[in-house]
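A short write-up of the structure that comes next.
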Amino acid sequence: MAGSKTIAELGPRYKWIALSNTTLGMLIATINSSIVLIALPDIFKGIGINPLEPANTSYLLWMIMGFLVVTAVLVVSFGRLGDMYGRAKMYNLGFAVFTVSSIFLAITWFQGDAAALWLIGWRIIQGVGGAFLMANSSAILTDAFPANQRGLALGMNGVAAIAGSFLGLVIGGVLAPINWNLIFLVSVPFGIAGTIWAYLKLHDTGIRQHAPMDWWGNITFAVGLISVLVGITYGIQPYGSSPTGWGSPFVLSCLLGGLAVLVAFVIIEMKVDNPLFRLSLFRIRSFTWGNIANLAASLGRGGLQFILIIWLQGIWLPQHGYTFEQTPLWAGIYMLPMTVGFLLSAPASGILSDRVGSRLLASSGLAITALTFLLLILLPVDFNYWAFAAILLLNGIGMGMFSSPNRAEVMNSLPADSRGSGAGMMTTFQNAAMVLSIGFFFSLIIAGLSKNLPGAMFQGLTAHGVPAASADQVAHLPAVAVLFAAFLGYNPIQQLLGGQLATLPPDQASFLTGRSFFPNLISGPFSEGLSIAFGFAIVVCLIGAVASLLTKDAKPGDDRESVGEELAAVAGEASGGPSELVSPVSER
């Protein structure tokens, strides 16, 4: 280490270097979190596994949920490590881990169960890298930017995160049919460039607080949250005669045991000197209500992407001339209006929040989002696309109006030495809520299907020549198999009937596996579950809107320094005066 630098010595360009690098990191992390969703049919076909077989359902669930579960569990610990040892160092480590795991995912050479376990294992490691990136990017930006520009910076970073989740769907749909390995390989050059760039250009400009690691807090938090999230993940699977697994001893043990361990975690955090979760941060009004609003928003929107994919792939696209094999790519394309809405509103709302405050912007954004869920309920299952696109555009605008001001409000409220752990806590609430939302939305849709689909399936199959015994067997297969078939872009009836199709007259077999039979069959039961799920989303979004109003906008003198004021603070630090915003940084 050759000397030290302050923010002033790093120059006015440093904050834009920090923004561009962290934006790249968030973009590739979120692209990789969603790119797998669309590519799953090609991945499982490539490794020779049928994901719809009951023995393989856990592979499918962990490929979908594993990345989210890992990031939810680890971001607080990695944010705390950033506070203690340097946020840029931890962020850079995350870029390196993410890139290495992408390489090993791309060079998978196994087949069957070994390949599935290899992919899941490296996806979890990739989630570890993603957790380092997510935990420290917001803190790096908060350190680099003055308070009156943080809304813009965090808004741009948030745009990359949301845009990446939807770009991943399109990129996966384009690359996976060519070669599924490409979906992991595509991020490697960006990962290598980002790792080198971050190592050379990013510096630790925040206050470091060296302290002993809270091992008991880390262990109890990880065990408790993993147990709860695993319970939610397996709650989607059928158990015995029940269409879902919420009543199974394993799921109940995970949920109740995990909650008990989390209670122990809270008790530990109240007693240790250097806790993982700084519970004292919840005394800050904007931090508490901002996180409640973010939690509610994540509960509302977490399962939306999955439900829209099923709606488009299982019903609407086949009804409008697309084969089931074509639906994954086109589902991603048809959902782009939501991304466009977010791209338009998130930066603008970030800039506005720097000038007028965040409360009304964030609250209005969630109110608009709640309205879009109501409009989706009113929309017929076989909708006019332009009406659907307009609703998705409005939904993206609403979420963008909420996301940037909310993140800026929370990050601005934090003490300089707690920004890493505070950002990690925020991301934990967000990712855990999204896993819960996915489980909740899936369960509601499965409940709707299980109630009405078996009878409709039996009547439809027997009316077209399927023997009653075979039709009854297919009709009583778990609804989750039908749901996952639609989600993966498989032809559900072809998957469910299998070899029995060869025994039917060709015209009847062609009709049953065509583009109208299954979509018409599932429309009614799906619509019921959809209304309940989106009704829940409306309620939680309105709760989040109220929570946003309860945050406290900073006043002109409340830590909203201009650039000139920040530089004056730096000068005071150099002459021996106190400054919370600036601390020396070792030069790489």
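Going through the structure tokens in order, the chains are called A, B, and so on, while each chain numbers its residues from 1 and the ligands are numbered from 1 in the order shown.
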
Would you list the contacts of A:Val263 as a list in words, taking every protein, DNA or RNA residue within 12 Å and counting only C-alpha atoms, but skipping same-chain residues closer than 5 positions in sequence?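 Residues near the query, excluding close chain neighbours: Gly217, Thr220, Phe221, Val223, Gly224, Leu225, Leu256, Gly257, Gly258, Ile268, Glu269 and Met270 of chain A.
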
Just the selected residues (C-alpha atoms), exported as an mmCIF file, in the first residue's frame, please.
data_model
loop_
_atom_site.group_PDB
_atom_site.id
_atom_site.type_symbol
_atom_site.label_atom_id
_atom_site.label_comp_id
_atom_site.auth_asym_id
_atom_site.auth_seq_id
_atom_site.Cartn_x
_atom_site.Cartn_y
_atom_site.Cartn_z
ATOM 1 C CA GLY A 217 -25.248 -14.380 14.670
ATOM 2 C CA THR A 220 -28.176 -18.727 13.447
ATOM 3 C CA PHE A 221 -29.217 -16.265 10.752
ATOM 4 C CA VAL A 223 -29.558 -21.717 9.446
ATOM 5 C CA GLY A 224 -32.857 -19.991 10.272
ATOM 6 C CA LEU A 225 -33.351 -18.207 6.960
ATOM 7 C CA LEU A 256 -41.284 -23.640 12.396
ATOM 8 C CA GLY A 257 -37.708 -24.667 13.161
ATOM 9 C CA GLY A 258 -36.345 -21.866 10.995
ATOM 10 C CA ILE A 268 -28.185 -13.012 20.195
ATOM 11 C CA GLU A 269 -28.057 -9.766 18.209
ATOM 12 C CA MET A 270 -29.453 -7.848 21.181
#

Give me the residues within 6 Å of stretch 505-520 of chain A as number ranges by chain, counting only C-alpha atoms and dropping any in the same chain fewer than 5 places off. A: 315, 318-319, 464, 493-494

Store the residues of this selection in a file with N, CA and C atoms, as an mmCIF file, in the first residue's frame.
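Final output, again24.cif:
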data_model
loop_
_atom_site.group_PDB
_atom_site.id
_atom_site.type_symbol
_atom_site.label_atom_id
_atom_site.label_comp_id
_atom_site.auth_asym_id
_atom_site.auth_seq_id
_atom_site.Cartn_x
_atom_site.Cartn_y
_atom_site.Cartn_z
ATOM 1 N N ILE A 315 -51.104 -20.245 -22.030
ATOM 2 C CA ILE A 315 -52.450 -19.908 -22.511
ATOM 3 C C ILE A 315 -52.419 -18.982 -23.724
ATOM 4 N N PRO A 318 -50.016 -19.799 -27.217
ATOM 5 C CA PRO A 318 -50.558 -20.876 -28.055
ATOM 6 C C PRO A 318 -51.890 -20.512 -28.706
ATOM 7 N N GLN A 319 -52.739 -19.747 -28.003
ATOM 8 C CA GLN A 319 -54.020 -19.338 -28.582
ATOM 9 C C GLN A 319 -53.839 -18.374 -29.754
ATOM 10 N N HIS A 464 -62.528 -36.796 -26.407
ATOM 11 C CA HIS A 464 -61.709 -36.913 -27.605
ATOM 12 C C HIS A 464 -60.978 -38.249 -27.680
ATOM 13 N N ILE A 493 -50.150 -31.463 -22.545
ATOM 14 C CA ILE A 493 -50.916 -32.683 -22.835
ATOM 15 C C ILE A 493 -50.002 -33.756 -23.415
ATOM 16 N N GLN A 494 -49.073 -33.350 -24.266
ATOM 17 C CA GLN A 494 -48.111 -34.305 -24.820
ATOM 18 C C GLN A 494 -47.272 -34.926 -23.715
#

Please return, as a VMD selection string, all residues of stretch 153-344 of chain A that DSSP assigns to alpha helix (DSSP H) on the basis of the backbone. chain A and resid 153 to 175 182 to 185 188 to 201 215 to 235 249 to 271 285 to 301 304 to 311 317 to 319 327 to 334 336 to 344

Give me the residues of stretch 229-345 of chain A that have any atom at most 6 Å from an atom of stretch 432-439 of chain A; for each, the nearest atom pair and the distance in Å, rounded to one decimal. Use only C-alpha atoms, sort by chain and number, and format it as a tab-separated table.
residue	atom	partner	partner_atom	distance
A:Ile232	CA	A:Gly439	CA	5.9
A:Ser298	CA	A:Met434	CA	5.4
A:Leu299	CA	A:Ser437	CA	4.9
A:Gly302	CA	A:Met434	CA	4.2
A:Gly303	CA	A:Ile438	CA	4.1

Give me, as a VMD selection string, all polymer residues having an atom no more than 9 Å from A:Val100, counting only C-alpha atoms and skipping those fewer than 5 positions away in the same chain. chain A and resid 95 105 126 188 191 to 192

Generate a file of the selected residues that holds all heavy atoms, formatted as a compact mmCIF listing (two decimals), in the first residue's frame.
# COMPACT_ATOMS: atom_id res chain seq x y z
N PHE A 95 -17.16 -10.07 -7.89
CA PHE A 95 -17.02 -10.11 -9.35
C PHE A 95 -16.19 -11.33 -9.77
O PHE A 95 -16.53 -12.03 -10.73
CB PHE A 95 -16.35 -8.83 -9.84
CG PHE A 95 -17.15 -8.07 -10.86
CD1 PHE A 95 -17.24 -6.69 -10.80
CD2 PHE A 95 -17.80 -8.73 -11.89
CE1 PHE A 95 -17.98 -5.98 -11.74
CE2 PHE A 95 -18.54 -8.02 -12.84
CZ PHE A 95 -18.63 -6.64 -12.76
N LEU A 105 -19.99 -23.26 -14.93
CA LEU A 105 -21.34 -23.58 -15.40
C LEU A 105 -21.35 -23.82 -16.90
O LEU A 105 -22.04 -24.71 -17.41
CB LEU A 105 -22.30 -22.44 -15.04
CG LEU A 105 -22.75 -22.37 -13.59
CD1 LEU A 105 -23.37 -21.00 -13.29
CD2 LEU A 105 -23.76 -23.47 -13.27
N GLN A 126 -22.34 -19.15 -7.73
CA GLN A 126 -22.61 -17.92 -8.47
C GLN A 126 -23.46 -16.96 -7.63
O GLN A 126 -23.26 -15.74 -7.65
CB GLN A 126 -23.32 -18.24 -9.79
CG GLN A 126 -23.37 -17.08 -10.76
CD GLN A 126 -24.06 -17.47 -12.06
OE1 GLN A 126 -25.17 -18.00 -12.07
NE2 GLN A 126 -23.40 -17.20 -13.18
N VAL A 188 -19.09 -14.23 -19.17
CA VAL A 188 -17.68 -14.39 -18.77
C VAL A 188 -16.81 -13.21 -19.21
O VAL A 188 -16.06 -12.66 -18.39
CB VAL A 188 -17.11 -15.73 -19.28
CG1 VAL A 188 -15.60 -15.80 -19.03
CG2 VAL A 188 -17.82 -16.90 -18.58
N GLY A 191 -17.56 -10.36 -17.04
CA GLY A 191 -17.10 -10.62 -15.68
C GLY A 191 -15.60 -10.40 -15.53
O GLY A 191 -15.15 -9.81 -14.54
N ILE A 192 -14.82 -10.87 -16.51
CA ILE A 192 -13.37 -10.68 -16.47
C ILE A 192 -13.04 -9.19 -16.54
O ILE A 192 -12.23 -8.67 -15.75
CB ILE A 192 -12.69 -11.45 -17.62
CG1 ILE A 192 -12.84 -12.97 -17.39
CG2 ILE A 192 -11.22 -11.07 -17.73
CD1 ILE A 192 -12.38 -13.81 -18.57

Mind checking which residues fall within 12 Å of A:Leu19, counting only C-alpha atoms, ignoring those fewer than 5 positions away in the same chain, and posting them as an mmCIF file with all heavy atoms, in the first residue's frame?
data_model
loop_
_atom_site.group_PDB
_atom_site.id
_atom_site.type_symbol
_atom_site.label_atom_id
_atom_site.label_comp_id
_atom_site.auth_asym_id
_atom_site.auth_seq_id
_atom_site.Cartn_x
_atom_site.Cartn_y
_atom_site.Cartn_z
ATOM 1 N N ARG A 13 -14.387 12.549 -11.244
ATOM 2 C CA ARG A 13 -14.772 11.441 -12.132
ATOM 3 C C ARG A 13 -14.976 10.140 -11.365
ATOM 4 O O ARG A 13 -15.593 9.210 -11.888
ATOM 5 C CB ARG A 13 -13.701 11.231 -13.203
ATOM 6 C CG ARG A 13 -13.552 12.380 -14.197
ATOM 7 C CD ARG A 13 -12.448 12.088 -15.204
ATOM 8 N NE ARG A 13 -12.684 10.818 -15.896
ATOM 9 C CZ ARG A 13 -11.732 10.162 -16.563
ATOM 10 N NH1 ARG A 13 -10.489 10.649 -16.612
ATOM 11 N NH2 ARG A 13 -12.012 9.030 -17.167
ATOM 12 N N TYR A 14 -14.446 10.054 -10.149
ATOM 13 C CA TYR A 14 -14.479 8.764 -9.448
ATOM 14 C C TYR A 14 -15.894 8.255 -9.245
ATOM 15 O O TYR A 14 -16.170 7.050 -9.411
ATOM 16 C CB TYR A 14 -13.766 8.857 -8.097
ATOM 17 C CG TYR A 14 -13.906 7.567 -7.308
ATOM 18 C CD1 TYR A 14 -13.208 6.432 -7.694
ATOM 19 C CD2 TYR A 14 -14.791 7.473 -6.230
ATOM 20 C CE1 TYR A 14 -13.358 5.231 -7.006
ATOM 21 C CE2 TYR A 14 -14.950 6.285 -5.542
ATOM 22 C CZ TYR A 14 -14.237 5.169 -5.936
ATOM 23 O OH TYR A 14 -14.403 3.983 -5.266
ATOM 24 N N LEU A 24 -22.615 -2.260 -14.085
ATOM 25 C CA LEU A 24 -22.264 -3.466 -14.848
ATOM 26 C C LEU A 24 -22.402 -4.703 -13.967
ATOM 27 O O LEU A 24 -22.945 -5.735 -14.404
ATOM 28 C CB LEU A 24 -20.835 -3.352 -15.374
ATOM 29 C CG LEU A 24 -20.269 -4.600 -16.074
ATOM 30 C CD1 LEU A 24 -21.053 -4.906 -17.343
ATOM 31 C CD2 LEU A 24 -18.783 -4.428 -16.396
ATOM 32 N N GLY A 25 -21.927 -4.608 -12.724
ATOM 33 C CA GLY A 25 -22.022 -5.752 -11.816
ATOM 34 C C GLY A 25 -23.456 -6.162 -11.557
ATOM 35 O O GLY A 25 -23.802 -7.354 -11.609
ATOM 36 N N MET A 26 -24.321 -5.189 -11.269
ATOM 37 C CA MET A 26 -25.725 -5.499 -11.016
ATOM 38 C C MET A 26 -26.399 -6.045 -12.271
ATOM 39 O O MET A 26 -27.246 -6.933 -12.202
ATOM 40 C CB MET A 26 -26.456 -4.252 -10.525
ATOM 41 C CG MET A 26 -26.058 -3.813 -9.122
ATOM 42 S SD MET A 26 -26.400 -5.079 -7.861
ATOM 43 C CE MET A 26 -28.185 -5.087 -7.887
ATOM 44 N N LEU A 27 -26.019 -5.514 -13.434
ATOM 45 C CA LEU A 27 -26.634 -5.954 -14.681
ATOM 46 C C LEU A 27 -26.342 -7.422 -14.958
ATOM 47 O O LEU A 27 -27.257 -8.205 -15.234
ATOM 48 C CB LEU A 27 -26.134 -5.085 -15.837
ATOM 49 C CG LEU A 27 -26.803 -5.316 -17.191
ATOM 50 C CD1 LEU A 27 -28.266 -4.908 -17.148
ATOM 51 C CD2 LEU A 27 -26.073 -4.536 -18.289
ATOM 52 N N SER A 137 -22.684 -2.889 -3.650
ATOM 53 C CA SER A 137 -22.801 -1.883 -4.713
ATOM 54 C C SER A 137 -23.496 -0.624 -4.220
ATOM 55 O O SER A 137 -23.035 0.501 -4.485
ATOM 56 C CB SER A 137 -23.527 -2.468 -5.925
ATOM 57 O OG SER A 137 -24.842 -2.868 -5.590
ATOM 58 N N SER A 138 -24.619 -0.774 -3.501
ATOM 59 C CA SER A 138 -25.334 0.410 -3.005
ATOM 60 C C SER A 138 -24.475 1.200 -2.024
ATOM 61 O O SER A 138 -24.485 2.441 -2.024
ATOM 62 C CB SER A 138 -26.647 -0.005 -2.332
ATOM 63 O OG SER A 138 -27.554 -0.528 -3.270
ATOM 64 N N ALA A 139 -23.728 0.483 -1.170
ATOM 65 C CA ALA A 139 -22.874 1.165 -0.191
ATOM 66 C C ALA A 139 -21.734 1.909 -0.881
ATOM 67 O O ALA A 139 -21.380 3.031 -0.479
ATOM 68 C CB ALA A 139 -22.316 0.153 0.805
ATOM 69 N N ILE A 140 -21.152 1.328 -1.922
ATOM 70 C CA ILE A 140 -20.089 1.997 -2.672
ATOM 71 C C ILE A 140 -20.614 3.294 -3.293
ATOM 72 O O ILE A 140 -19.965 4.343 -3.241
ATOM 73 C CB ILE A 140 -19.517 1.059 -3.763
ATOM 74 C CG1 ILE A 140 -18.684 -0.053 -3.114
ATOM 75 C CG2 ILE A 140 -18.669 1.835 -4.774
ATOM 76 C CD1 ILE A 140 -18.270 -1.155 -4.079
ATOM 77 N N LEU A 141 -21.814 3.235 -3.869
ATOM 78 C CA LEU A 141 -22.394 4.432 -4.482
ATOM 79 C C LEU A 141 -22.737 5.484 -3.435
ATOM 80 O O LEU A 141 -22.542 6.687 -3.661
ATOM 81 C CB LEU A 141 -23.651 4.052 -5.275
ATOM 82 C CG LEU A 141 -23.421 3.233 -6.545
ATOM 83 C CD1 LEU A 141 -24.744 2.901 -7.200
ATOM 84 C CD2 LEU A 141 -22.521 3.991 -7.514
ATOM 85 N N THR A 142 -23.246 5.044 -2.294
ATOM 86 C CA THR A 142 -23.592 5.993 -1.236
ATOM 87 C C THR A 142 -22.345 6.688 -0.709
ATOM 88 O O THR A 142 -22.368 7.875 -0.372
ATOM 89 C CB THR A 142 -24.333 5.273 -0.089
ATOM 90 O OG1 THR A 142 -25.445 4.559 -0.636
ATOM 91 C CG2 THR A 142 -24.852 6.260 0.941
ATOM 92 N N ASP A 143 -21.226 5.961 -0.634
ATOM 93 C CA ASP A 143 -19.955 6.571 -0.234
ATOM 94 C C ASP A 143 -19.461 7.559 -1.289
ATOM 95 O O ASP A 143 -18.911 8.613 -0.963
ATOM 96 C CB ASP A 143 -18.880 5.493 -0.042
ATOM 97 C CG ASP A 143 -19.105 4.646 1.204
ATOM 98 O OD1 ASP A 143 -19.803 5.125 2.116
ATOM 99 O OD2 ASP A 143 -18.596 3.522 1.251
ATOM 100 N N ALA A 144 -19.642 7.212 -2.569
ATOM 101 C CA ALA A 144 -19.023 7.987 -3.648
ATOM 102 C C ALA A 144 -19.797 9.249 -3.998
ATOM 103 O O ALA A 144 -19.199 10.242 -4.425
ATOM 104 C CB ALA A 144 -18.871 7.114 -4.891
ATOM 105 N N PHE A 145 -21.115 9.222 -3.855
ATOM 106 C CA PHE A 145 -21.944 10.339 -4.293
ATOM 107 C C PHE A 145 -22.378 11.197 -3.107
ATOM 108 O O PHE A 145 -22.674 10.666 -2.028
ATOM 109 C CB PHE A 145 -23.189 9.837 -5.017
ATOM 110 C CG PHE A 145 -22.953 9.476 -6.456
ATOM 111 C CD1 PHE A 145 -22.398 8.256 -6.789
ATOM 112 C CD2 PHE A 145 -23.271 10.358 -7.474
ATOM 113 C CE1 PHE A 145 -22.170 7.906 -8.111
ATOM 114 C CE2 PHE A 145 -23.044 10.036 -8.797
ATOM 115 C CZ PHE A 145 -22.489 8.804 -9.118
ATOM 116 N N GLN A 149 -27.196 13.696 -4.792
ATOM 117 C CA GLN A 149 -27.117 13.003 -6.076
ATOM 118 C C GLN A 149 -27.303 11.495 -5.937
ATOM 119 O O GLN A 149 -27.225 10.765 -6.926
ATOM 120 C CB GLN A 149 -25.754 13.273 -6.735
ATOM 121 C CG GLN A 149 -25.548 14.717 -7.152
ATOM 122 C CD GLN A 149 -24.207 14.920 -7.839
ATOM 123 O OE1 GLN A 149 -23.214 14.265 -7.504
ATOM 124 N NE2 GLN A 149 -24.162 15.821 -8.802
ATOM 125 N N ARG A 150 -27.568 11.042 -4.715
ATOM 126 C CA ARG A 150 -27.649 9.589 -4.507
ATOM 127 C C ARG A 150 -28.894 8.982 -5.141
ATOM 128 O O ARG A 150 -28.883 7.829 -5.570
ATOM 129 C CB ARG A 150 -27.616 9.272 -3.015
ATOM 130 C CG ARG A 150 -26.242 9.441 -2.406
ATOM 131 C CD ARG A 150 -26.257 9.231 -0.911
ATOM 132 N NE ARG A 150 -25.009 9.699 -0.320
ATOM 133 C CZ ARG A 150 -24.885 10.109 0.926
ATOM 134 N NH1 ARG A 150 -25.940 10.122 1.727
ATOM 135 N NH2 ARG A 150 -23.725 10.524 1.381
ATOM 136 N N LEU A 152 -30.250 9.748 -7.990
ATOM 137 C CA LEU A 152 -29.892 9.478 -9.380
ATOM 138 C C LEU A 152 -29.008 8.248 -9.485
ATOM 139 O O LEU A 152 -29.263 7.345 -10.296
ATOM 140 C CB LEU A 152 -29.171 10.690 -9.973
ATOM 141 C CG LEU A 152 -28.491 10.472 -11.334
ATOM 142 C CD1 LEU A 152 -29.527 10.164 -12.398
ATOM 143 C CD2 LEU A 152 -27.658 11.692 -11.720
ATOM 144 N N ALA A 153 -27.949 8.187 -8.653
ATOM 145 C CA ALA A 153 -26.992 7.072 -8.733
ATOM 146 C C ALA A 153 -27.658 5.738 -8.402
ATOM 147 O O ALA A 153 -27.508 4.750 -9.134
ATOM 148 C CB ALA A 153 -25.822 7.327 -7.778
ATOM 149 N N LEU A 154 -28.398 5.701 -7.299
ATOM 150 C CA LEU A 154 -29.054 4.462 -6.902
ATOM 151 C C LEU A 154 -30.179 4.106 -7.866
ATOM 152 O O LEU A 154 -30.482 2.925 -8.077
ATOM 153 C CB LEU A 154 -29.582 4.595 -5.471
ATOM 154 C CG LEU A 154 -28.483 4.736 -4.398
ATOM 155 C CD1 LEU A 154 -29.083 5.134 -3.061
ATOM 156 C CD2 LEU A 154 -27.693 3.442 -4.263
ATOM 157 N N GLY A 155 -30.800 5.137 -8.468
ATOM 158 C CA GLY A 155 -31.828 4.874 -9.470
ATOM 159 C C GLY A 155 -31.247 4.205 -10.700
ATOM 160 O O GLY A 155 -31.823 3.245 -11.222
ATOM 161 N N MET A 156 -30.102 4.702 -11.187
ATOM 162 C CA MET A 156 -29.449 4.081 -12.343
ATOM 163 C C MET A 156 -29.043 2.652 -12.026
ATOM 164 O O MET A 156 -29.180 1.742 -12.854
ATOM 165 C CB MET A 156 -28.226 4.888 -12.740
ATOM 166 C CG MET A 156 -28.527 6.289 -13.256
ATOM 167 S SD MET A 156 -29.463 6.283 -14.793
ATOM 168 C CE MET A 156 -28.252 5.602 -15.924
ATOM 169 N N ASN A 157 -28.533 2.432 -10.807
ATOM 170 C CA ASN A 157 -28.149 1.089 -10.389
ATOM 171 C C ASN A 157 -29.366 0.172 -10.322
ATOM 172 O O ASN A 157 -29.315 -0.992 -10.726
ATOM 173 C CB ASN A 157 -27.465 1.180 -9.024
ATOM 174 C CG ASN A 157 -26.571 -0.012 -8.738
ATOM 175 O OD1 ASN A 157 -26.826 -0.756 -7.803
ATOM 176 N ND2 ASN A 157 -25.523 -0.207 -9.530
ATOM 177 N N GLY A 158 -30.481 0.714 -9.830
ATOM 178 C CA GLY A 158 -31.717 -0.062 -9.768
ATOM 179 C C GLY A 158 -32.266 -0.376 -11.141
ATOM 180 O O GLY A 158 -32.827 -1.450 -11.374
ATOM 181 N N VAL A 159 -32.114 0.563 -12.075
ATOM 182 C CA VAL A 159 -32.537 0.319 -13.463
ATOM 183 C C VAL A 159 -31.794 -0.888 -14.027
ATOM 184 O O VAL A 159 -32.388 -1.770 -14.667
ATOM 185 C CB VAL A 159 -32.263 1.563 -14.339
ATOM 186 C CG1 VAL A 159 -32.326 1.206 -15.816
ATOM 187 C CG2 VAL A 159 -33.272 2.650 -14.035
ATOM 188 N N ALA A 160 -30.480 -0.934 -13.773
ATOM 189 C CA ALA A 160 -29.682 -2.064 -14.270
ATOM 190 C C ALA A 160 -30.179 -3.374 -13.683
ATOM 191 O O ALA A 160 -30.264 -4.391 -14.383
ATOM 192 C CB ALA A 160 -28.213 -1.855 -13.927
ATOM 193 N N ALA A 198 -12.706 -3.186 -11.672
ATOM 194 C CA ALA A 198 -12.990 -2.889 -10.264
ATOM 195 C C ALA A 198 -11.702 -2.911 -9.439
ATOM 196 O O ALA A 198 -11.505 -2.073 -8.548
ATOM 197 C CB ALA A 198 -13.990 -3.902 -9.706
ATOM 198 N N LYS A 201 -9.713 0.399 -10.357
ATOM 199 C CA LYS A 201 -10.316 1.727 -10.259
ATOM 200 C C LYS A 201 -11.140 1.986 -9.005
ATOM 201 O O LYS A 201 -11.337 3.146 -8.633
ATOM 202 C CB LYS A 201 -11.210 1.965 -11.488
ATOM 203 C CG LYS A 201 -10.441 2.003 -12.813
ATOM 204 C CD LYS A 201 -9.479 3.179 -12.860
ATOM 205 C CE LYS A 201 -8.787 3.287 -14.214
ATOM 206 N NZ LYS A 201 -7.846 4.434 -14.256
ATOM 207 N N LEU A 202 -11.678 0.954 -8.364
ATOM 208 C CA LEU A 202 -12.518 1.199 -7.199
ATOM 209 C C LEU A 202 -11.680 1.286 -5.936
ATOM 210 O O LEU A 202 -10.706 0.537 -5.763
ATOM 211 C CB LEU A 202 -13.580 0.096 -7.040
ATOM 212 C CG LEU A 202 -14.697 0.056 -8.089
ATOM 213 C CD1 LEU A 202 -15.730 -1.005 -7.720
ATOM 214 C CD2 LEU A 202 -15.370 1.413 -8.251
#

Could you give me, as a tab-separated table, every stretch 59-97 of chain A residue with an atom at most 9 Å from stretch 400-418 of chain A, plus its closest atom pair and distance in Å to one decimal, counting only C-alpha atoms, rows ordered by chain then number?
residue	atom	partner	partner_atom	distance
A:Gly79	CA	A:Ser418	CA	8.7
A:Arg80	CA	A:Ser418	CA	7.8
A:Asp83	CA	A:Asp417	CA	6.3
A:Met84	CA	A:Asp417	CA	8.6

Neighbours of A:Val128 within 9 Å (only C-alpha atoms; same-chain residues fewer than 4 positions away dropped), as a PyMOL selection string? chain A and resi 67+70-71+74-75+94+97-98+123-124+132-133

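Residue nearest A:Gly194, chosen from A:Leu317, A:Ala39, A:Leu344, A:Ala96 and counting only C-alpha atoms: A:Ala96.
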
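With distances restricted to only C-alpha atoms, A:Leu175 is the closest residue to A:Asp42 from A:Ala367, A:Ala106, A:Leu175, A:Ala471.
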
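For the residues A:Gly535, A:Gly66, A:Gly172, A:Gly129, ranking by smallest atom-to-atom distance to A:Ile377 using only C-alpha atoms places A:Gly535 first.
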
Skip A:Leu444 itself and residues of its chain fewer than 2 positions away, then list as a ChimeraX atom specification all residues within 9 Å of it, counting only C-alpha atoms. /A:439-442,446-449,528-530,532-533

Residue neighbourhood A:Phe250, 9 Å, only C-alpha atoms, exclusion window fewer than 5 positions, as a VMD selection string: chain A and resid 231 234 245 255

For A:Thr57, which residue among A:Ile236, A:Val474, A:Ala456, A:Ala293 is the nearest when counting only C-alpha atoms? A:Ile236

Counting only C-alpha atoms, which residues in stretch 334-400 of chain A sit no more than 12 Å from stretch 326-330 of chain A? For each one, give the nearest pair of atoms and the distance in Å, sorted by chain then residue number, as JSON lines.
{"residue": "A:Tyr334", "atom": "CA", "partner": "A:Trp330", "partner_atom": "CA", "distance": 6.0}
{"residue": "A:Met335", "atom": "CA", "partner": "A:Trp330", "partner_atom": "CA", "distance": 8.5}
{"residue": "A:Leu336", "atom": "CA", "partner": "A:Trp330", "partner_atom": "CA", "distance": 10.0}

Selected residues written out, N, CA and C atoms, as a tab-separated table (two decimals), in the first residue's frame:
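Once everything was written out, this is selection_30.tsv:
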chain	number	residue	atom	x	y	z
A	334	TYR	N	-42.71	-10.24	-25.18
A	334	TYR	CA	-43.99	-9.60	-24.91
A	334	TYR	C	-44.06	-8.94	-23.53
A	335	MET	N	-43.13	-9.28	-22.64
A	335	MET	CA	-43.10	-8.62	-21.33
A	335	MET	C	-42.19	-7.40	-21.29
A	336	LEU	N	-41.56	-7.06	-22.42
A	336	LEU	CA	-40.63	-5.93	-22.45
A	336	LEU	C	-41.26	-4.58	-22.07
